[in-house]
Amino acid sequence: MRDEEIIELYFNRDEDAIAETDRKYGKYCQSIAGHILASSEDVEEVLDDTWVKAWNSIPPTRPKMLRIYLGKITRNLAFNIVEASRAQKRGSGVLQDVLEELEECLPGNSSVEDSILGEELRSIIKDFTRALPERDALLFTSRYFYTESLEEISRQYGITKGNAAVILSRCREKLQKRLVKEGYYVS
């Protein structure tokens with residue numbers, strides 16, 4: 001079923017929307033949650049919550065890209081579980097690795113002003129990613145949005161793990177320079 005048809009099911013409040021969403025995007029959302037969470041029960045909870053959140057937000061929202069919309073919901077819900085449990089390491093340590101890698105180039109959230117500027121920061125990172133060469137943007141997104149391991153990324157893009165690490169390191173350096181240019185203090 002096409003995304004537009006699934007979205008129409010939501011707008012018509014047809015419960016088949018959830019079944020069709022799960023059929024088309026269940027494995028995709030499960031993969032996102034699985035990269036972040038170690039517990040299969042938590043992954044299932046996130047999937048269930050993703051479908052509920054989609055049901056409650058469509059309408060009024062009409063996602064331009066249903067796949068990305070659902071991916072963001074899944075990712076945010078999974079991160080909420082990690083934050084709530086205050087886990088040191090989840091997702092086979094990949095999440096912790098990703099956060100540590102980004103820590104070197106992202107400003108801290110130590111003040112109210114920083115949290116208010118969060119939306120601006122998201123916008124800068126989004127623009128930064130769009131400006132990257134396509135392969136670099138795909139690697140950056142795979143690592144820092146989908147929290148994929150370097151092994152998965154190297155397999156997926158046909159490069160060595162070391163090459164993936166170097167590309168990502170250069171991307172982080174560029175991001176750090178961009179953030180400094182935009183007026184963000186980077187520790």
# chains A, B, ... in the order shown; residues from 1 in each chain; ligands from 1

call {"tool": "residues_around", "arguments": {"residues": "Leu132 in chain A", "least_positions_apart": "5", "cutoff": "12 Å", "atoms": "only C-alpha atoms", "output": "PyMOL selection string"}}
result
chain A and resi 125-127+137-141+167-168+170-172+174-175

call {"tool": "write_last_selection", "arguments": {"atoms": "all heavy atoms", "output": "compact mmCIF listing (two decimals), in the first residue's frame"}}
result
# COMPACT_ATOMS: atom_id res chain seq x y z
N ILE A 125 22.03 21.61 12.42
CA ILE A 125 22.52 20.27 12.12
C ILE A 125 21.84 19.72 10.87
O ILE A 125 22.47 19.08 10.03
CB ILE A 125 22.34 19.34 13.34
CG1 ILE A 125 23.27 19.81 14.47
CG2 ILE A 125 22.63 17.88 12.97
CD1 ILE A 125 23.05 19.11 15.79
N LYS A 126 20.56 20.00 10.72
CA LYS A 126 19.82 19.55 9.54
C LYS A 126 20.41 20.19 8.28
O LYS A 126 20.68 19.50 7.29
CB LYS A 126 18.35 19.94 9.71
CG LYS A 126 17.41 19.35 8.71
CD LYS A 126 15.99 19.76 9.11
CE LYS A 126 14.94 19.17 8.25
NZ LYS A 126 13.60 19.57 8.66
N ASP A 127 20.64 21.49 8.32
CA ASP A 127 21.26 22.19 7.18
C ASP A 127 22.67 21.68 6.92
O ASP A 127 23.07 21.51 5.77
CB ASP A 127 21.30 23.70 7.44
CG ASP A 127 19.93 24.35 7.40
OD1 ASP A 127 18.99 23.73 6.87
OD2 ASP A 127 19.80 25.48 7.91
N ALA A 137 26.62 12.34 4.11
CA ALA A 137 25.34 12.60 4.78
C ALA A 137 24.66 11.29 5.17
O ALA A 137 24.11 11.18 6.27
CB ALA A 137 24.43 13.42 3.87
N LEU A 138 24.73 10.30 4.30
CA LEU A 138 24.13 9.00 4.60
C LEU A 138 24.84 8.33 5.78
O LEU A 138 24.18 7.78 6.67
CB LEU A 138 24.17 8.09 3.37
CG LEU A 138 23.23 8.50 2.23
CD1 LEU A 138 23.53 7.67 0.98
CD2 LEU A 138 21.78 8.37 2.63
N LEU A 139 26.17 8.38 5.79
CA LEU A 139 26.92 7.80 6.89
C LEU A 139 26.62 8.54 8.20
O LEU A 139 26.39 7.92 9.24
CB LEU A 139 28.42 7.84 6.61
CG LEU A 139 29.03 6.61 5.96
CD1 LEU A 139 28.58 6.45 4.54
CD2 LEU A 139 30.53 6.65 6.04
N PHE A 140 26.62 9.87 8.14
CA PHE A 140 26.35 10.70 9.32
C PHE A 140 24.97 10.38 9.89
O PHE A 140 24.81 10.19 11.10
CB PHE A 140 26.46 12.18 8.93
CG PHE A 140 26.43 13.12 10.10
CD1 PHE A 140 27.59 13.44 10.78
CD2 PHE A 140 25.24 13.72 10.49
CE1 PHE A 140 27.56 14.33 11.86
CE2 PHE A 140 25.20 14.60 11.57
CZ PHE A 140 26.37 14.90 12.25
N THR A 141 23.97 10.30 9.02
CA THR A 141 22.61 10.00 9.45
C THR A 141 22.50 8.59 10.01
O THR A 141 21.86 8.36 11.04
CB THR A 141 21.63 10.19 8.28
OG1 THR A 141 21.75 11.53 7.79
CG2 THR A 141 20.19 9.96 8.71
N ILE A 167 35.64 9.11 7.94
CA ILE A 167 34.63 9.99 7.33
C ILE A 167 33.78 10.64 8.42
O ILE A 167 33.53 11.85 8.39
CB ILE A 167 33.74 9.20 6.34
CG1 ILE A 167 34.56 8.79 5.12
CG2 ILE A 167 32.52 10.01 5.92
CD1 ILE A 167 33.87 7.75 4.24
N LEU A 168 33.35 9.86 9.40
CA LEU A 168 32.53 10.40 10.47
C LEU A 168 33.30 11.39 11.33
O LEU A 168 32.76 12.42 11.76
CB LEU A 168 31.96 9.26 11.33
CG LEU A 168 30.90 8.41 10.62
CD1 LEU A 168 30.62 7.13 11.41
CD2 LEU A 168 29.63 9.20 10.40
N ARG A 170 35.72 13.33 10.31
CA ARG A 170 35.80 14.57 9.52
C ARG A 170 34.47 15.32 9.53
O ARG A 170 34.44 16.55 9.59
CB ARG A 170 36.24 14.26 8.10
CG ARG A 170 37.69 13.84 8.03
CD ARG A 170 38.12 13.51 6.63
NE ARG A 170 39.52 13.06 6.62
CZ ARG A 170 40.04 12.26 5.71
NH1 ARG A 170 39.31 11.82 4.71
NH2 ARG A 170 41.29 11.90 5.80
N CYS A 171 33.38 14.57 9.46
CA CYS A 171 32.06 15.21 9.53
C CYS A 171 31.87 15.91 10.87
O CYS A 171 31.36 17.03 10.92
CB CYS A 171 30.95 14.18 9.31
SG CYS A 171 30.79 13.59 7.62
N ARG A 172 32.27 15.26 11.95
CA ARG A 172 32.14 15.88 13.27
C ARG A 172 33.00 17.14 13.38
O ARG A 172 32.58 18.13 13.96
CB ARG A 172 32.52 14.88 14.38
CG ARG A 172 31.52 13.77 14.57
CD ARG A 172 31.77 12.98 15.85
NE ARG A 172 33.13 12.51 16.00
CZ ARG A 172 33.61 11.37 15.51
NH1 ARG A 172 32.84 10.58 14.79
NH2 ARG A 172 34.86 11.02 15.73
N LYS A 174 33.81 19.12 10.89
CA LYS A 174 33.10 20.14 10.11
C LYS A 174 31.91 20.69 10.88
O LYS A 174 31.65 21.89 10.88
CB LYS A 174 32.63 19.56 8.78
CG LYS A 174 33.72 19.27 7.78
CD LYS A 174 33.13 18.64 6.52
CE LYS A 174 34.21 18.16 5.58
NZ LYS A 174 33.64 17.45 4.42
N LEU A 175 31.18 19.79 11.56
CA LEU A 175 30.04 20.22 12.35
C LEU A 175 30.49 21.13 13.48
O LEU A 175 29.87 22.16 13.74
CB LEU A 175 29.28 19.01 12.91
CG LEU A 175 28.12 19.31 13.86
CD1 LEU A 175 27.06 20.18 13.17
CD2 LEU A 175 27.50 18.02 14.38

call {"tool": "closest_residue", "arguments": {"among": "A:Arg67, A:Lys53, A:Arg143, A:Arg13", "to": "Ala165 in chain A", "atoms": "only C-alpha atoms"}}
result
A:Arg143

call {"tool": "closest_residue", "arguments": {"among": "A:Asp49, A:Asn12, A:Ala33, A:Glu4", "to": "Leu66 in chain A", "atoms": "only C-alpha atoms"}}
result
A:Glu4

call {"tool": "atom_distance", "arguments": {"atom1": "CA of Ala84 in chain A", "atom2": "CA of Ile36 in chain A"}}
result
13.3 Å

call {"tool": "closest_residue", "arguments": {"among": "A:Ile124, A:Ile7, A:Ile18, A:Val166", "to": "Pro63 in chain A", "atoms": "only C-alpha atoms"}}
result
A:Ile7

call {"tool": "atom_distance", "arguments": {"atom1": "CA of Thr21 in chain A", "atom2": "CA of Val46 in chain A"}}
result
14.2 Å

call {"tool": "atom_distance", "arguments": {"atom1": "CA of Gly162 in chain A", "atom2": "CA of Leu179 in chain A"}}
result
25.6 Å

call {"tool": "closest_residue", "arguments": {"among": "A:Ala78, A:Ala17, A:Leu102, A:Ile6", "to": "Ser31 in chain A", "atoms": "only C-alpha atoms"}}
result
A:Ala78
